[in-house]
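Peer 1: Okay, handing you the structure first.
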Amino acid sequence: MNDVEELKRFVIVHARAQNLPADLYEGVLDRIRHDGEGEGSWAAEWSAAARTLEDAGDPLAACRCFTIARFPFVDGLPRRTAMRDAWRVFETWRGADIGVLDLEGRLRCWTSGLSREEPRPLLVVMGGIVSTKEQWAPLLLQADALGMAMLVTEMPGIGHNTLPYDRASPGMLPAILDALADQASVGDTYAVANSFSGHMALRAAVSDRRIRGVITNGAPIHDFFTDPDWLRALPQITRATLAHLTGTTPDDLPDVLGDWALTPDELSALEIPVSYTVSLRDEITPPSEIAHLRKHVKELWVKEFDDVHASPAHLDETRAWLLESLLRMRTPS
């Protein structure tokens with residue numbers, strides 16, 4: 001069971017990022033008193049809001065609320081039901097323009113702009129350890145405007161992704177590119193990978209030269225994994241979610257994650273541009289991480305915000321920086 005006040009604090013950035021109206025999410029949060037079951041609970045109140053939106057004919061907003069109802073991860077029947085309801089109403093919304101990629105029944109992705117006749121450069125979008133692919137799926141409607149094929153997915157252990165979250169997880173990205181090799185120009189792939197998925201994308205890019213650029217926000221790089229004191233001081237939600245995804249306990253995270261750090265040699269091997277957004281008051285990613293990137297990455301673009309993790313007060317600026325970085329990567333000087 002999660003601390004309700006911590007849940008409320010950390011979910012704000014997800015509500016804002018999904019364009020939920022402030023009066024809606026603030027009203028739901030005001031009604032939540034505990035993280036158990038029934039009236040006043042996290043999953044029940046968010047699910048009730050979702051059903052109201054579904055009945056009003058807004059399946060996308062309903063999906064967003066059901067997704068928050070399962071936040072930060074599925075830990076029992078109420079959140080499992082909310083996740084399934086999110087998938088159900090998403091199917092109502094997505095229509096023919098958004099396709100499905102299933103990899104051996106273990107990983108599902110949403111796609112757009114794929115073509116065997118005219119393959120386009122590929123943009124892969126992935127959230128962090130508490131994000132589902134449905135949160136990012138509306139971005140798929142921008143494929144034609146960007147002139148790209150697009151895919152949204154989620155990290156191992158989240159949603160439809162049943163792969164284990166471990167040191168080998170970055171191999172998931174090359175597997176996705178292999179699966180799309182006849183429908184997209186995968187040798188010209190770019191990744192927008194937030195937080196922990198940014199770490200996965202950077203490690204994959206070290207050995208897979210098909211990834212031509214990585215855009216990330218507050219990704220752990222080195223010290224997050226190697227500093228036991230930092231891991232022990234993380235917010236309870238982050239510790240619990242990481243323990244859930246890695247199949248361990250919060251106290252054992254330093255032993256499990258200790259060898260996941262990106263080394264100086266790996267960072268120096270990156271021959272691509274890396275765009276990295278820094279939150280100066282980040283309570284999840286150590287402030288020292290940017291120093292590793294600045295020292296070793298050949299082409300690094302940095303944007304700083306005086307904010308907490310994911311810079312919730314600067315979402316518009318973050319979106320603009322993301323698009324600017326993508327366009328800059330695709331039109332090198």
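Convention: chains lettered A, B, ... in structure tokens order; per-chain residue numbering from 1; ligands numbered from 1 as shown.
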Which residues, written as a list in words, have at least one atom at most 6 Å from range 219-223 of chain A, with only C-alpha atoms counted and residues fewer than 6 positions away on the same chain left out?
Peer 2: Ser195, Phe196, Gly198, His199, Ala261, Leu262, Thr285 and Glu289 of chain A
Peer 1: Might you pull out every residue within 12 Å of Ala313 in chain A, with only C-alpha atoms counted and same-chain residues fewer than 2 positions away left off, and present them as a list of chain:residue names?
Peer 2: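 Once the adjacent positions are removed, what remains is A:Ile12, A:Val13, A:His14, A:Arg16, A:Ala17, A:Ser279, A:Phe305, A:Asp306, A:Asp307, A:Val308, A:His309, A:Ala310, A:Ser311, A:Leu315, A:Asp316, A:Glu317, A:Thr318, A:Arg319.
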Peer 1: Show me, as a PyMOL selection string, the residues that have an atom within 12 Å of Cys65 in chain A when counting only C-alpha atoms, minus same-chain residues fewer than 4 positions from it.
Peer 2: chain A and resi 11+14-16+18-21+24-25+28-29+42-54+58-61+69-71+79+82-83+85-87+89-90+134-135
Peer 1: For Pro138 in chain A, please output as a VMD selection string all residues within 12 Å (counting only C-alpha atoms; exclusion window: fewer than 5 positions along the same chain).
Peer 2: chain A and resid 17 to 19 60 to 61 63 to 64 90 93 to 95 97 to 98 110 to 112 125 133 143 150 to 152
Peer 1: Determine which residues of range 61-275 of chain A receive a DSSP assignment of alpha helix (DSSP H), computed from the backbone, and state them as a compact mmCIF listing (two decimals) with C-alpha atoms, in the first residue's frame.
Peer 2:
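result-v6.txt, written as the output of this step:
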# COMPACT_ATOMS: atom_id res chain seq x y z
CA ALA A 61 -9.85 10.97 -21.22
CA ALA A 62 -11.38 7.85 -19.64
CA CYS A 63 -8.28 5.86 -20.61
CA ARG A 64 -6.08 8.51 -19.02
CA CYS A 65 -7.97 8.31 -15.73
CA PHE A 66 -8.01 4.52 -15.71
CA THR A 67 -4.26 4.65 -16.36
CA ILE A 68 -3.77 6.88 -13.33
CA ALA A 69 -5.98 4.52 -11.31
CA LEU A 77 -7.27 -6.43 -8.09
CA PRO A 78 -8.38 -2.74 -8.11
CA ARG A 79 -5.36 -1.57 -10.10
CA ARG A 80 -5.42 -4.67 -12.32
CA THR A 81 -9.05 -3.98 -13.15
CA ALA A 82 -8.24 -0.33 -13.88
CA MET A 83 -5.44 -1.36 -16.25
CA ARG A 84 -7.75 -3.69 -18.15
CA ASP A 85 -10.39 -0.98 -18.35
CA ALA A 86 -7.76 1.41 -19.73
CA TRP A 87 -6.97 -1.07 -22.50
CA ARG A 88 -10.69 -1.55 -23.20
CA VAL A 89 -11.51 2.14 -23.65
CA PHE A 90 -8.28 2.74 -25.54
CA GLU A 91 -9.46 0.25 -28.15
CA THR A 92 -12.64 2.33 -28.48
CA TRP A 93 -10.56 5.44 -29.15
CA ARG A 94 -7.61 4.32 -31.29
CA LYS A 133 2.26 3.20 -23.57
CA GLU A 134 -1.34 4.44 -23.68
CA GLN A 135 -0.21 7.70 -22.04
CA TRP A 136 1.93 8.48 -25.08
CA ALA A 143 3.43 10.69 -37.66
CA ASP A 144 2.43 12.26 -40.98
CA ALA A 145 3.27 15.78 -39.81
CA LEU A 146 6.74 14.59 -38.78
CA MET A 172 14.30 -4.94 -26.16
CA LEU A 173 14.89 -1.93 -28.42
CA PRO A 174 17.01 -3.71 -31.06
CA ALA A 175 14.39 -6.49 -31.08
CA ILE A 176 11.71 -3.91 -31.90
CA LEU A 177 13.84 -2.50 -34.72
CA ASP A 178 14.38 -6.00 -36.11
CA ALA A 179 10.62 -6.57 -36.13
CA PHE A 196 14.55 5.15 -16.73
CA SER A 197 13.76 4.27 -20.32
CA GLY A 198 16.34 6.88 -21.30
CA HIS A 199 18.96 4.74 -19.58
CA MET A 200 17.75 1.76 -21.62
CA ALA A 201 17.87 3.73 -24.88
CA LEU A 202 21.38 5.04 -24.25
CA ARG A 203 22.72 1.58 -23.44
CA ALA A 204 21.05 0.16 -26.56
CA ALA A 205 22.52 2.95 -28.68
CA VAL A 206 26.05 2.08 -27.57
CA SER A 207 25.97 -1.11 -29.65
CA ASP A 223 25.60 7.47 -9.76
CA PHE A 224 21.96 6.49 -9.36
CA PHE A 225 22.96 2.85 -9.67
CA THR A 226 26.25 2.93 -7.76
CA PRO A 228 23.57 2.91 -2.13
CA ASP A 229 22.80 5.93 0.05
CA TRP A 230 21.01 7.65 -2.84
CA LEU A 231 18.95 4.53 -3.55
CA ARG A 232 17.94 4.23 0.09
CA GLN A 236 8.94 5.42 -1.27
CA ILE A 237 6.99 5.18 -4.56
CA THR A 238 10.17 4.99 -6.61
CA ARG A 239 11.74 2.36 -4.36
CA ALA A 240 8.57 0.27 -4.31
CA THR A 241 8.12 0.48 -8.09
CA LEU A 242 11.73 -0.43 -8.84
CA ALA A 243 11.54 -3.35 -6.41
CA HIS A 244 8.30 -4.53 -8.03
CA LEU A 245 9.71 -4.34 -11.57
CA THR A 246 13.02 -6.00 -10.72
CA LEU A 253 17.98 -2.51 -4.73
CA PRO A 254 21.65 -1.49 -4.29
CA ASP A 255 22.75 -5.10 -4.82
CA VAL A 256 20.47 -5.59 -7.85
CA LEU A 257 21.20 -2.29 -9.61
CA PRO A 264 32.77 6.15 -19.26
CA ASP A 265 33.77 3.84 -22.13
CA GLU A 266 30.13 3.20 -23.03
CA LEU A 267 29.23 6.89 -22.95
CA SER A 268 32.30 7.77 -25.00
Peer 1: Where does DSSP see strand (DSSP E or B) in range 8-218 of chain A, if you list the residues as a VMD selection string?
Peer 2: chain A and resid 34 41 99 to 103 107 to 112 121 to 126 149 to 153 185 to 193 211 to 217
